[in-house]
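Participant: Got a structure here, written out as structure tokens. Questions coming.
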Amino acid sequence: MTTLRAFTCDDLFKFNNIQAVLNFLLQYGIPFYLQYLAHWPEYFIVAEAPGGELMGYIMGKAEGSVAREEWHGHVTALSVAPEFRRLGLAAKLMEMLEEISERKGGFFVDLFVRVSNQVAVNMYKQLGYSVYRTVIEYYSASNGEPDEDAYDMRKALSSDTEKKSIVPIPHPVRPEDIE
Amino acid sequence: MLRHILVTSNMAARGHVQDPNDRRLRPIYDYLDNGNNKMAIQQADKLLKKHKDLHCAKVLKAIGLQRTGKQDEAFSLAQEVATLEPTDDNSLQALTILYREMHRPELVTKLYEAAVKKVPLSEEYHSHLFMAYARVGEYKKMQQAGMALYKTVPKNPYYFWSVMSLVMQAISAQDDKLAQTMFLPLAERMVEKMVKEGKIEAEAEVQLYFMILERLGKYVEALDMVRGPLGEKLTSELQSRENKCMMMYQRLQLWPECNALSYKLLLKNPDEWQFYLSYFDSLFHLMDKSWSPPNEEEHCVEGPVQTTVAEAVKFVVDRMEEEDKKDSRPLRGPYMACLELIHRLRQRGCPDEEELGDPLELMLQFFGKFGDKPSCITDLKIYLHLLPPEQHTQFKNRLGDLVPLGEVGEDGFGFPGDTKVLQRHLCVCQLSRVLGLQHTLDTEGKLCLITELKAHYHYGLQFGKSCLKTELQFSDTYCLMVAHVYIDLWTETGDENMLWQCLGVLEEGLSYSPSNAQFKLLLLLLFCRLGAFQPVVDLYSSLDAKHVQHDTIGYLLTRYAGSLGQFAAASQSYNFSLRFFHSNQKDTSEYIIQAYKYGAFEKIPEFIAFRTRLNQSLHFAQVRTERMLLDLYTEADITSSLEESVKAMGLCPEEDDIPWDNMRDNRDLTVLFSWDPKDRELTEEHRRLSLEEESVWLKVRSLTLRLLASLALLGHAPSPRNSDKTNENGVSAKSSTLQTLLSQLDLTLQTAAQITEKQTQYPFLGPPSSRLASALSSGSCHCQASALQLSLTLQELETTGLDDSSELQTQICNSFKSLIVQLQELLSRCKGEVLEMKDSRLMTQPSLLETLVFFVETVCVVLWVASYSASVLRPLKSSLQKKKKKTKDSSTAMPVVLSGFQEWTGSLQGIVTQALDHVKGQEASLTALKLAALTLGVGHAQTQEECGFTRAAMDKVQTSYLGSLQELGDLLRKRADSLKSLKF
């Protein structure tokens, strides 16, 4: 039981209501959030509990070439506060992002996830995503050193009738090779 | 990247043809991009020798100069080019970048105004001009620029940029009438014109139309528009049309439509909380109006309407039954809705609530279904008031029955077998705290509770053995609850051992769960209350607070930073916050522009409101003020004179940059978890009082700062006796500022006294009290005020001279004496042991430390006044000596004020020495304190490990006190040195 609504700047002031790492909802700098709000406001959804606590949010965008059938929705961030986990909220937010991407005529939805994050990988698999390719050293540590590989996971949308967009690429790619 | 300009401008303006100038400029761009500014400047000079008229090279050189700190040179070079009104892309864009780096965005508008005049058909320049206006918020000019752009290139977005600029004029208009009768109607007509001509193309345009109608209060029109063909364009956002209709129904109080739509949406998604609320709201409105559906027709455009409690009860019960039948995970919504409905029926005194069931049973049922989710407590907390107090214990016991714990062991406790049971057990503990059942326990009962919770905490750690460092332990919340019970005991009994054990248990928790923010926050708060700031710095930085959090939780740090004498750490923590606030302005304007580009019109006022909210932040004003005061206390008259310091800060005593009437309190006062019952929670009244108190304290501080600036500039004034009229006016203007500020301070201190009389106590986990009460009770505020008042009298003496001023001189001498008395009293309030061992207990008196800081601050102020006194008296004395020499009269007695001053500086010296001795004494007794000799765990056995953590916490406090004393001693010594220069 949740109120799902558009994210607003004022929500940034409420992001402390969390037990674990204080800023886990605030991973990015303000410019990053504002950029998404200015460009893809419909893709930025926040979930609020009846008591007014922020439960989590999803932030995404639409990108890629339509002509090459690469127009798609992308999940940039998905966060659920620890105290609101195991309620199916992440799945709900993903469903909404997929619906928005469907309406835009996207061919698929994709996202990047750390290969070590087995919990997340399994969750996305349950939601119908599959590993499309591995991106080598996609994540870097705070010192700038390469840190970890990412899975690029995808789920085909109804525009991609033959599910061409999710046929896995067998060879890993480098971050500079992905658009 | 600058290089990017070159590439894009090539593409835009000249296509693929390579301009030879681009080739020449390229190396300079590269140097600048690589941060090699020196080489960029050299390269530009080289190029300019050959091609004098290559303006862009000049601008690039200016960028290099700007980035190497030569702002003035850079500016004049840029202006050389700007006056030529360049029209080449490279120069224009480079100048734009340069002006932005100089924080002079208004100059960009001038640049493109000229360019547009010269090349009136350029879409690019027109649009740059629009964006340049947007950056500085020139809405009227934006409106015109947008129109000019549309006339040049008739593209829809440009037209709507202009419309949006009208809306912004309406939003920013001081006079709402102007907005309602001029700007918004004009904007509406502009859109209507496009609608009539069938030219509406994009969703953004419809959104904007809706915004205008909404702001005009034309809800019927807005509703028609959303329901009509234009509304079909609203597709990006999910349920965009439904949400907008709902909003309008509520504004128009169209309750049948509101009800029917909520009902429809809930059938589709029975977990959407907001629609339950609108469903119930509308239902009761309809009942109050005895609304009945029209005969033989559809109820309303949205479908069937429900108008009776019976229907609502059935609807909610049906939703719950649907969930019960499901194989998959049930949704919480319907069950919560049931409790919400009972709550509302009860509010209305409606007897039908019984049909939904007994709240106690319903809550037990809820716990049965969702008790293993961490959110269960947050959900149930809202409806606990439905239970009568006599049911509380029964409720707790029945909940307990639903938690299958293992067999009871030697210690008398049974433990959960897995994390789900653990979570349930935890939820019961949390609920019993929220119900106040923990608070009613006596001391013995609370200590037993602590033992039980600790046992559960330690037992539960085994489930999290494989947790990563960034993850929490499943049983962390037990540990936090232990800490809360310790705090209860400490505040009720005053037994400081409870506090030390609390610190120990939290430190232990942190060692198992190093990312737990709640542990860190509570430790931080406790150390601050203990007056130990040193451990706080690391705790705060390990929280890794990000941007807005420096505003929302920064107060936890900055409230105590300066007040505990840890000046270096204070300076650092002010900087954390200030850096964020200063970047805000720049960050937001960029995205306002992007919002225009992408047609996210509704975000534009939101971004501006966001920027304003940060600029008007209470915490921002506090940090700004405290930072400058701190710099003065620690540096003025030590590394540079007071006057130089004031000038370097750009302080102007006449200017008040604090938005007193629009102050925003962005502090998150509930950031620390609390499961206290309602009557102990933070109330709106607490929030209001805390803001009031903080504002008055800020006013005292900012007036002190401006008074000091005023004093510094007084000292600068040449003697009025040998000066002409204008100078005299200058001086009197300055002294009248001083006079005005002093009377403002006086008034503020009166208000302050009224506020502190209330002795407001906030919940322990709520906002910390400001320094106001102790500033007043220590006498430091009044001592500072009288010192500053003295400077005004001295100013008078400067005008009158030594002859015929015996009354004034006596008055000054009395002030000298009175200040000594006041300082002496203030110092005597610092006496005592900040930390001592008594009967194997460790006792603290952190207030002594805070008072000592007030003493040191006050000494600074008094010494600045003393230094001003010397500057007034010195010339008077030397002219007197000259006169004496002339008349060869050696019999005349020394004027009272001169002898009085000498006596005064002597006494000041004496007080500072006393204070230094006191600090030294404190340091010595602190160092001599052997905490290791303390036997811990007396009475209520702590394990060896727990004692270790408690000891570590004690050590931190001791070390921190020593650090504070050292810094205070250092500053006092430096001040003592400055006293020597006052001799004459």
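Scheme for the structure tokens: letters A, B, ... for chains in order shown; per-chain residue numbers from 1; ligand numbers from 1 in order shown.
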Set the cut-off to 8 Å and count only C-alpha atoms: what are the residues of chain B that reach chain A? Output as a PDB file with C-alpha atoms, in the first residue's frame.
Facilitator:
```pdb
ATOM      1  CA  THR B 235       0.344   9.955 -22.619  1.00  0.00           C
ATOM      2  CA  SER B 236       3.887  10.033 -21.215  1.00  0.00           C
ATOM      3  CA  GLU B 237       3.060   9.961 -17.571  1.00  0.00           C
ATOM      4  CA  LEU B 238       1.075   6.983 -16.330  1.00  0.00           C
ATOM      5  CA  ASP B 271      -2.772  -1.045  -3.309  1.00  0.00           C
ATOM      6  CA  GLU B 272      -2.861   2.635  -4.352  1.00  0.00           C
ATOM      7  CA  TRP B 273      -3.155   4.389  -1.041  1.00  0.00           C
ATOM      8  CA  GLN B 274      -3.965   7.868  -2.314  1.00  0.00           C
ATOM      9  CA  LEU B 331      -1.085  -6.537  -0.834  1.00  0.00           C
ATOM     10  CA  ARG B 332      -1.205  -4.447   2.351  1.00  0.00           C
ATOM     11  CA  GLY B 333      -3.520  -1.826   0.891  1.00  0.00           C
ATOM     12  CA  PRO B 334      -6.937  -3.412   1.533  1.00  0.00           C
ATOM     13  CA  MET B 336      -4.804  -0.891   5.901  1.00  0.00           C
ATOM     14  CA  LYS B 373       8.223  -7.340   7.036  1.00  0.00           C
ATOM     15  CA  PRO B 374      10.263  -4.500   8.474  1.00  0.00           C
ATOM     16  CA  SER B 375       7.523  -2.079   7.390  1.00  0.00           C
ATOM     17  CA  THR B 378       5.467   1.815  10.321  1.00  0.00           C
ATOM     18  CA  ASP B 379       2.066   0.645   9.097  1.00  0.00           C
ATOM     19  CA  ILE B 382      -0.628   4.858  12.445  1.00  0.00           C
ATOM     20  CA  THR B 470      27.513  -2.295   3.656  1.00  0.00           C
ATOM     21  CA  GLU B 471      24.556  -4.353   4.852  1.00  0.00           C
ATOM     22  CA  LEU B 472      22.796  -4.140   8.161  1.00  0.00           C
ATOM     23  CA  SER B 515      27.118   1.132   7.859  1.00  0.00           C
ATOM     24  CA  ASN B 516      24.256   1.574  10.278  1.00  0.00           C
ATOM     25  CA  ALA B 517      23.414   5.252   9.988  1.00  0.00           C
ATOM     26  CA  GLN B 518      21.118   5.219  13.010  1.00  0.00           C
ATOM     27  CA  LEU B 543      27.730   9.012   7.159  1.00  0.00           C
ATOM     28  CA  ASP B 544      28.871  10.272   3.774  1.00  0.00           C
ATOM     29  CA  ALA B 545      26.143  12.916   3.715  1.00  0.00           C
ATOM     30  CA  LYS B 546      25.324  14.127   0.237  1.00  0.00           C
ATOM     31  CA  HIS B 547      24.367  17.625  -0.958  1.00  0.00           C
ATOM     32  CA  VAL B 548      20.858  18.354   0.350  1.00  0.00           C
ATOM     33  CA  GLN B 549      21.698  16.410   3.496  1.00  0.00           C
ATOM     34  CA  THR B 552      18.726  18.692   6.257  1.00  0.00           C
ATOM     35  CA  ASP B 587      23.577  23.869 -10.699  1.00  0.00           C
ATOM     36  CA  THR B 588      19.938  24.838 -10.944  1.00  0.00           C
ATOM     37  CA  TYR B 591      18.587  22.618 -15.616  1.00  0.00           C
ATOM     38  CA  ILE B 592      16.008  25.369 -15.847  1.00  0.00           C
ATOM     39  CA  GLN B 594      17.187  22.172 -20.086  1.00  0.00           C
ATOM     40  CA  ALA B 595      13.603  22.078 -18.908  1.00  0.00           C
ATOM     41  CA  TYR B 598      12.703  19.501 -23.392  1.00  0.00           C
ATOM     42  CA  ALA B 600       9.251  20.050 -19.055  1.00  0.00           C
ATOM     43  CA  LYS B 603       9.499  21.517 -13.667  1.00  0.00           C
ATOM     44  CA  GLU B 606       9.734  23.615  -9.261  1.00  0.00           C
ATOM     45  CA  PHE B 607      13.463  24.067  -9.933  1.00  0.00           C
ATOM     46  CA  PHE B 610      14.040  24.373  -5.011  1.00  0.00           C
ATOM     47  CA  ASN B 666      14.872  22.527   6.084  1.00  0.00           C
ATOM     48  CA  ASP B 668      15.068  17.018   9.220  1.00  0.00           C
ATOM     49  CA  VAL B 671      16.087  11.781  11.171  1.00  0.00           C
TER      50      VAL B 671
END
```
Participant: Going by DSSP on the backbone, which residues of region 841-978 of chain B come out as strand (DSSP E)? List them as a CSV table (one decimal) with N, CA, C and O atoms, in the first residue's frame.
Facilitator:
```
chain,number,residue,atom,x,y,z
B,841,ARG,N,32.6,6.6,39.6
B,841,ARG,CA,31.7,7.0,38.5
B,841,ARG,C,32.4,8.1,37.8
B,841,ARG,O,33.1,8.9,38.4
B,842,LEU,N,32.1,8.1,36.5
B,842,LEU,CA,32.6,9.2,35.7
B,842,LEU,C,31.6,10.3,35.4
B,842,LEU,O,30.5,9.9,35.0
B,843,MET,N,31.8,11.5,35.8
B,843,MET,CA,30.8,12.5,35.7
B,843,MET,C,31.3,13.7,34.8
B,843,MET,O,32.5,14.0,34.8
B,844,THR,N,30.4,14.2,34.0
B,844,THR,CA,30.8,15.3,33.1
B,844,THR,C,30.0,16.5,33.4
B,844,THR,O,28.9,16.5,33.9
```
Participant: As a list in words, please: the residues near region 143-151 of chain A (cut-off 9 Å, only C-alpha atoms, same-chain neighbours under 3 positions excluded).
Facilitator: Leu111, Phe112, Val113, Arg114, Val115, Ser116, Val121, Val131, Tyr132, Arg133, Thr134, Val135, Ile136, Glu137, Tyr138, Tyr139 and Ser140 of chain A
Participant: List every residue of region 84-326 of chain B that DSSP, applied to the backbone of this structure, places in alpha helix (DSSP H), and write the result as a PyMOL selection string.
Facilitator: chain B and resi 89-101+105-118+123-136+139-152+156-172+176-178+184-196+203-215+219-227+240-252+255-268+273-288+309-325
Participant: Go through A:Glu98, A:Glu70, A:Ala47, A:Ala91 one by one, measure the shortest atom-to-atom distance of each to Ile178 (chain A) using only C-alpha atoms, and give the residue with the smallest value.
Facilitator: A:Glu70
Participant: With only C-alpha atoms as the basis for distance, which of B:Leu898, B:Met194, B:Leu745, B:Leu435 is at the shortest distance from Leu797 (chain B)?
Facilitator: B:Leu898
Participant: With a distance cut-off of 8 Å and only C-alpha atoms, select the neighbouring residues of Leu632 (chain B), excluding the residue or stretch itself and same-chain residues fewer than 2 positions from it, and output the selection as a list in words.
Facilitator: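 Listing them by chain and then by number gives Met628, Leu629, Leu630, Thr634, Glu635, Ala636, Leu642, Ser645 and Val646 of chain B.
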Participant: Can those selected residues be exported to a file as a PDB file, in the first residue's frame so that it contains all heavy atoms?
Facilitator:
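Output file selection-v9.pdb follows:
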```pdb
ATOM      1  N   MET B 628      31.879  33.295   9.553  1.00  0.00           N
ATOM      2  CA  MET B 628      32.569  34.585   9.600  1.00  0.00           C
ATOM      3  C   MET B 628      32.947  34.955  11.029  1.00  0.00           C
ATOM      4  O   MET B 628      34.043  35.444  11.277  1.00  0.00           O
ATOM      5  CB  MET B 628      31.692  35.659   8.965  1.00  0.00           C
ATOM      6  CG  MET B 628      31.639  35.507   7.449  1.00  0.00           C
ATOM      7  SD  MET B 628      30.929  36.920   6.611  1.00  0.00           S
ATOM      8  CE  MET B 628      29.206  36.506   6.629  1.00  0.00           C
ATOM      9  N   LEU B 629      32.033  34.697  11.968  1.00  0.00           N
ATOM     10  CA  LEU B 629      32.355  34.983  13.368  1.00  0.00           C
ATOM     11  C   LEU B 629      33.576  34.179  13.807  1.00  0.00           C
ATOM     12  O   LEU B 629      34.489  34.693  14.438  1.00  0.00           O
ATOM     13  CB  LEU B 629      31.163  34.634  14.262  1.00  0.00           C
ATOM     14  CG  LEU B 629      30.084  35.703  14.401  1.00  0.00           C
ATOM     15  CD1 LEU B 629      28.893  35.146  15.168  1.00  0.00           C
ATOM     16  CD2 LEU B 629      30.629  36.941  15.117  1.00  0.00           C
ATOM     17  N   LEU B 630      33.557  32.900  13.418  1.00  0.00           N
ATOM     18  CA  LEU B 630      34.666  32.028  13.807  1.00  0.00           C
ATOM     19  C   LEU B 630      35.985  32.565  13.260  1.00  0.00           C
ATOM     20  O   LEU B 630      36.991  32.618  13.969  1.00  0.00           O
ATOM     21  CB  LEU B 630      34.407  30.610  13.279  1.00  0.00           C
ATOM     22  CG  LEU B 630      35.469  29.582  13.622  1.00  0.00           C
ATOM     23  CD1 LEU B 630      35.441  29.262  15.107  1.00  0.00           C
ATOM     24  CD2 LEU B 630      35.270  28.311  12.814  1.00  0.00           C
ATOM     25  N   THR B 634      39.121  33.651  15.621  1.00  0.00           N
ATOM     26  CA  THR B 634      40.389  32.921  15.597  1.00  0.00           C
ATOM     27  C   THR B 634      41.498  33.689  14.886  1.00  0.00           C
ATOM     28  O   THR B 634      42.663  33.373  15.045  1.00  0.00           O
ATOM     29  CB  THR B 634      40.229  31.554  14.922  1.00  0.00           C
ATOM     30  OG1 THR B 634      39.617  31.742  13.655  1.00  0.00           O
ATOM     31  CG2 THR B 634      39.393  30.621  15.766  1.00  0.00           C
ATOM     32  N   GLU B 635      41.129  34.693  14.061  1.00  0.00           N
ATOM     33  CA  GLU B 635      42.189  35.322  13.273  1.00  0.00           C
ATOM     34  C   GLU B 635      42.331  36.829  13.437  1.00  0.00           C
ATOM     35  O   GLU B 635      43.440  37.349  13.376  1.00  0.00           O
ATOM     36  CB  GLU B 635      41.988  34.996  11.789  1.00  0.00           C
ATOM     37  CG  GLU B 635      42.479  33.590  11.466  1.00  0.00           C
ATOM     38  CD  GLU B 635      41.900  33.071  10.162  1.00  0.00           C
ATOM     39  OE1 GLU B 635      41.484  33.899   9.327  1.00  0.00           O
ATOM     40  OE2 GLU B 635      41.863  31.846   9.989  1.00  0.00           O
ATOM     41  N   ALA B 636      41.198  37.535  13.591  1.00  0.00           N
ATOM     42  CA  ALA B 636      41.275  38.991  13.556  1.00  0.00           C
ATOM     43  C   ALA B 636      42.139  39.514  14.691  1.00  0.00           C
ATOM     44  O   ALA B 636      41.968  39.130  15.839  1.00  0.00           O
ATOM     45  CB  ALA B 636      39.882  39.596  13.631  1.00  0.00           C
ATOM     46  N   LEU B 642      41.573  43.471  12.554  1.00  0.00           N
ATOM     47  CA  LEU B 642      40.123  43.280  12.487  1.00  0.00           C
ATOM     48  C   LEU B 642      39.583  43.920  11.212  1.00  0.00           C
ATOM     49  O   LEU B 642      38.758  43.349  10.507  1.00  0.00           O
ATOM     50  CB  LEU B 642      39.462  43.906  13.722  1.00  0.00           C
ATOM     51  CG  LEU B 642      37.928  43.831  13.791  1.00  0.00           C
ATOM     52  CD1 LEU B 642      37.447  42.402  13.847  1.00  0.00           C
ATOM     53  CD2 LEU B 642      37.407  44.612  14.998  1.00  0.00           C
ATOM     54  N   SER B 645      40.405  41.867   8.177  1.00  0.00           N
ATOM     55  CA  SER B 645      39.572  40.658   8.160  1.00  0.00           C
ATOM     56  C   SER B 645      38.170  40.971   7.672  1.00  0.00           C
ATOM     57  O   SER B 645      37.607  40.265   6.840  1.00  0.00           O
ATOM     58  CB  SER B 645      39.479  40.042   9.550  1.00  0.00           C
ATOM     59  OG  SER B 645      40.750  39.798  10.068  1.00  0.00           O
ATOM     60  N   VAL B 646      37.613  42.049   8.212  1.00  0.00           N
ATOM     61  CA  VAL B 646      36.246  42.428   7.838  1.00  0.00           C
ATOM     62  C   VAL B 646      36.176  42.739   6.348  1.00  0.00           C
ATOM     63  O   VAL B 646      35.256  42.326   5.648  1.00  0.00           O
ATOM     64  CB  VAL B 646      35.788  43.633   8.691  1.00  0.00           C
ATOM     65  CG1 VAL B 646      34.581  44.300   8.068  1.00  0.00           C
ATOM     66  CG2 VAL B 646      35.485  43.186  10.102  1.00  0.00           C
TER      67      VAL B 646
END
```
Participant: So, with only C-alpha atoms as the atoms that count, which of A:Val46, A:Ile166, A:Ala141, A:Met153 lies closest to Leu93 (chain A)?
Facilitator: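 Using only C-alpha atoms, Leu93 (chain A) sits closest to A:Val46.
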Participant: In Å to one decimal, how far is CA of Phe816 (chain B) from CA of Gly900 (chain B)?
Facilitator: 7.5 Å
Participant: When distances are computed from only C-alpha atoms, which of B:Leu524, B:Ala648, B:Met39, B:Leu98 shows the smallest separation from Ile63 (chain B)?
Facilitator: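 Selected residue with least distance to Ile63 (chain B): B:Leu98.
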Participant: Find the spatial neighbours of Leu880 (chain B), counting only C-alpha atoms, within a cut-off of 10 Å - ignore same-chain residues fewer than 4 positions away - and output them as a PyMOL selection string.
Facilitator: chain B and resi 802-803+874-876+884-886+894-895
Participant: Can you list, as an mmCIF file with C-alpha atoms, in the first residue's frame, every protein, DNA or RNA residue that comes within 12 Å of Val167 (chain A) when you count only C-alpha atoms, leaving out same-chain residues fewer than 4 positions away?
Facilitator:
```
data_model
loop_
_atom_site.group_PDB
_atom_site.id
_atom_site.type_symbol
_atom_site.label_atom_id
_atom_site.label_comp_id
_atom_site.auth_asym_id
_atom_site.auth_seq_id
_atom_site.Cartn_x
_atom_site.Cartn_y
_atom_site.Cartn_z
ATOM 1 C CA PHE A 108 13.047 -3.223 -25.062
ATOM 2 C CA TYR A 129 15.001 -9.913 -17.908
ATOM 3 C CA SER A 130 17.891 -11.867 -19.358
ATOM 4 C CA VAL A 131 21.581 -11.164 -19.681
ATOM 5 C CA TYR A 132 22.178 -9.617 -23.084
ATOM 6 C CA ARG A 133 25.904 -9.080 -22.719
ATOM 7 C CA ASP A 152 23.549 -5.566 -19.497
ATOM 8 C CA MET A 153 20.119 -7.131 -18.953
ATOM 9 C CA ARG A 154 17.175 -6.713 -21.281
ATOM 10 C CA LYS A 155 13.522 -7.481 -21.603
ATOM 11 C CA ALA A 156 11.783 -7.258 -24.972
ATOM 12 C CA ASP A 160 9.927 -6.279 -30.765
ATOM 13 C CA GLU A 162 10.466 -11.480 -32.699
ATOM 14 C CA LYS A 163 12.396 -10.607 -29.559
#
```
Participant: Calculate how many Å separate CA of Pro20 (chain B) from CA of Leu111 (chain B), rounding to one decimal.
Facilitator: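 Interatomic distance, CA of Pro20 (chain B) to CA of Leu111 (chain B): 24.5 Å.
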Participant: Please report the interatomic distance between CA of Gly64 (chain B) and CA of Ile41 (chain B) in Å with one decimal.
Facilitator: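 For CA of Gly64 (chain B) relative to CA of Ile41 (chain B), the distance reads 5.8 Å.
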